[in-house]
Amino acid sequence: MLEKRTLAQSLHLPRQWPYMFRALNHRNFRLFWFGQLISLIGSWMQSLALQWLVYQITGSAFAMGTVAAFTALPVLLLSPFTGVLVDRYSKRWVVFWAQMAAMISSLTLAMLTFSDSVVYWHVLALALVNGMVNAVDMPARQAFTSEMIGNRDDLMNAIGLNASIFNGARAIGPAVAAMLVSAVGLAWAFLLNGLSFIAVLIGLTMMTGLIAPAPRKSNSSSVNDFMDGARYALQTPLIRIILVLVLVPSILGFGYTSLLPIFADQILVTPLIPEGSARLGAMMVANGIGALLAALRVARTNAQTDRRKLLLNGALGFGVGICLLALNRSFWLALPIMTFTGFSMVSFLATANTILQTTAVDSLRGRVMGFYVMTLVGLGLVGSLQAGFVAEHWGTPIATGIGGLACVISALLGLRSKALLSLVPRREQA
C-alpha cells in the first residue's frame, strides 16, 4: 500500500526549517507569518496610495502630516492602557478583532474612492479609526509573538522574520500600488488591502495549543495594573534606555516619511520617470529593500551577537541616512540613500524590540510593549506635526535635516549608557 502523504510533503515543505528560519518550526507562528506576508503587502499598497490621495486632495505637507498625526493620536493616548487589556485576555482574539476592524476600515475607504466621493475629512476620520485599531493591535501582536513561539531562544529569530515580511512587503507593496495607481486608480489599492486581511484571520482561527492568559487577581483594578506596568518599565534600566533611544527618532526622525511625496514630486525630479507617484514608489521600494536585508541579518543573529553594537550602529546609521536625504538633490542618488536608511532603521528597531521582549517578564510583557508602541508610533504624532510645520515654513530639506541630526546625537549619547553594556557578549566583555 502507498503511504499517505502529508500536506508538507505534498508541498515539498521542509520538516525542519533552516537555521535562519527556525521560528517557522512552530506551527502557530508559521500560520501567522504566512498570513501576515499577504496582509502586509496590502497594507503597504494602501500606505503609498493614501499618501498620494491626500497629496492630490490638498497639495499640502501639513495636511499629510496631519493624517499621520490622526493615526498616531489614539496610539499615543491608548496603547499604554491597551497593554493592560493584552495581558488580561487572549492575545489571539484581541489581534483577530483588531484585524477585522482594520479590514472594514480599508473597504470603507475603497468604497468612498470608487464612488469618487472621498474628501479630506473622510481620510482624517478613517485615520482616527485606524489609530484606535493600532492602539490595540500593535501591543497585542508584539506580545503575541513570544506566545506563538514558546521558546525564548527562537524569539529574536521570530522578530527578525516578522520584520523581514514587514519590509519585504514594504518593497513589493508600493511597487504594486504605483502600477495600480497609474493604471486603474487609487481605489483598487484600498480594496486589495481590505481583502488581504482575510489571510491573517484564517491563520488566527487555525491556531491550537496557545497558553491561556494568567488569571486576574480579584483585587486588581485596571489602574493598578497600568501603574504596575509603568513602574516596571521605568525602574528597569535596560527597558528604560531602550524606550528613550526610540523616543528621539519617533519625535524627530520618522516624520520624514510623511514628506517623501514632496521629495518625489518637487525636489527629486528626473525626466526619465515623469510621474511623481512612480518616483515615490521607487523610493519606498529602495527603503524596503534595505529594511528587508536588515531584518534577515537580525534573523541570523544568535546568543553571541553583540546586540549593543547592532542597536547603536542602526540608530546612528538611520540619523546619517536622513541627513544625506536632506542634502541630496538627485533622484538616482536618493535610492541608495533610502536603502541605507531602511537598513539602519530596521537594524535599530528590530534589535530594540527583541531586547524589550526578552527582558520583560511574561506577566507584564503586554504593558511593556504598550509603552513601546506608544513611544514608537504614538509619539510619531509630534514628529508628523513638527515635520509638516517646519517643512511648510522653512522647507522639506530643513525639516528632514533637523530630524536626522537629532537622531545622530541621540545615538552618540547612547554610547554612554551603562545599562546597554549588559547586551555585550561575555567573551567580548572579558
# chains A, B, ... in the order shown; residues from 1 in each chain; ligands from 1

$ residues_around --residues "Phe348 (chain A)" --least-positions-apart "6" --cutoff "7 Å" --atoms "only C-alpha atoms" --output "MDAnalysis selection string"
chainID A and resid 310:312 314:315

$ residues_around --residues "Leu316 (chain A)" --least-positions-apart "5" --cutoff "10 Å" --atoms "only C-alpha atoms" --output "list of chain:residue names"
A:Leu311, A:Gly321, A:Thr341, A:Ser344, A:Met345, A:Phe348, A:Gly404, A:Leu405, A:Cys407, A:Val408, A:Ile409, A:Ser410, A:Ala411, A:Leu412, A:Gly414

$ atom_distance --atom1 "CA of Gln51 (chain A)" --atom2 "CA of Val246 (chain A)"
24.3 Å

$ closest_residue --among "A:Gly253, A:Gly168, A:Gly131, A:Gly59" --to "Leu385 (chain A)" --atoms "only C-alpha atoms"
A:Gly253

$ atom_distance --atom1 "CA of Leu210 (chain A)" --atom2 "CA of Met148 (chain A)"
7.0 Å

$ residues_around --residues "Ser106 (chain A)" --least-positions-apart "3" --cutoff "10 Å" --atoms "only C-alpha atoms" --output "JSON, numbers by chain"
{"A": [42, 43, 46, 101, 102, 103, 109, 110, 111, 126, 130, 187, 189, 190, 191, 192, 193, 194, 195, 197]}

$ closest_residue --among "A:Ser115, A:Asn157, A:Ser250, A:Thr396" --to "Gln266 (chain A)" --atoms "only C-alpha atoms"
A:Thr396

$ closest_residue --among "A:Val285, A:Ile104, A:Val84, A:Ile337" --to "Met45 (chain A)" --atoms "only C-alpha atoms"
A:Val285

$ residues_around --residues "region 61-68 of chain A" --least-positions-apart "5" --cutoff "8 Å" --atoms "only C-alpha atoms" --output "PDB file with C-alpha atoms, in the first residue's frame"
ATOM      1  CA  GLN A  51      -0.186  59.447   0.779  1.00  0.00           C
ATOM      2  CA  VAL A  54      -4.006  63.189   0.404  1.00  0.00           C
ATOM      3  CA  TYR A  55      -1.415  64.967  -1.721  1.00  0.00           C
ATOM      4  CA  VAL A 123      -9.430  60.390   5.318  1.00  0.00           C
ATOM      5  CA  LEU A 124      -8.972  62.021   8.735  1.00  0.00           C
ATOM      6  CA  ALA A 127      -7.110  57.632  10.097  1.00  0.00           C
ATOM      7  CA  GLY A 255       8.374  62.316  10.361  1.00  0.00           C
ATOM      8  CA  SER A 258       5.254  61.938   5.555  1.00  0.00           C
ATOM      9  CA  LEU A 259       7.414  64.322   3.489  1.00  0.00           C
ATOM     10  CA  ILE A 262       7.171  66.258  -1.674  1.00  0.00           C
ATOM     11  CA  GLY A 380       5.085  59.979  15.974  1.00  0.00           C
ATOM     12  CA  LEU A 381       2.107  62.344  16.345  1.00  0.00           C
ATOM     13  CA  SER A 384       4.499  64.213  11.963  1.00  0.00           C
ATOM     14  CA  LEU A 385       3.165  67.585  13.070  1.00  0.00           C
ATOM     15  CA  ALA A 387       7.911  67.796  10.312  1.00  0.00           C
ATOM     16  CA  GLY A 388       4.892  69.136   8.413  1.00  0.00           C
ATOM     17  CA  PHE A 389       5.036  72.506  10.204  1.00  0.00           C
ATOM     18  CA  ALA A 391       8.505  71.902   6.019  1.00  0.00           C
ATOM     19  CA  GLU A 392       5.618  74.294   5.427  1.00  0.00           C
TER      20      GLU A 392
END

$ closest_residue --among "A:Leu40, A:Leu292, A:Val75, A:Ile242" --to "Asp137 (chain A)" --atoms "only C-alpha atoms"
A:Val75

$ residues_around --residues "Phe340 (chain A)" --least-positions-apart "6" --cutoff "8 Å" --atoms "only C-alpha atoms" --output "ChimeraX atom specification"
/A:287,290,317-318,321

$ write_last_selection --atoms "N, CA and C atoms" --output "mmCIF file, in the first residue's frame"
data_model
loop_
_atom_site.group_PDB
_atom_site.id
_atom_site.type_symbol
_atom_site.label_atom_id
_atom_site.label_comp_id
_atom_site.auth_asym_id
_atom_site.auth_seq_id
_atom_site.Cartn_x
_atom_site.Cartn_y
_atom_site.Cartn_z
ATOM 1 N N ASN A 287 13.852 51.815 0.071
ATOM 2 C CA ASN A 287 13.852 51.807 1.524
ATOM 3 C C ASN A 287 13.482 50.428 2.061
ATOM 4 N N GLY A 290 16.368 47.775 1.695
ATOM 5 C CA GLY A 290 17.350 47.913 2.777
ATOM 6 C C GLY A 290 16.817 47.361 4.085
ATOM 7 N N GLY A 317 23.224 55.044 12.008
ATOM 8 C CA GLY A 317 23.079 54.981 10.555
ATOM 9 C C GLY A 317 21.770 55.583 10.073
ATOM 10 N N PHE A 318 20.700 55.389 10.850
ATOM 11 C CA PHE A 318 19.415 55.972 10.484
ATOM 12 C C PHE A 318 19.503 57.494 10.458
ATOM 13 N N GLY A 321 21.525 58.637 7.459
ATOM 14 C CA GLY A 321 20.774 58.468 6.220
ATOM 15 C C GLY A 321 19.782 59.594 5.986
#
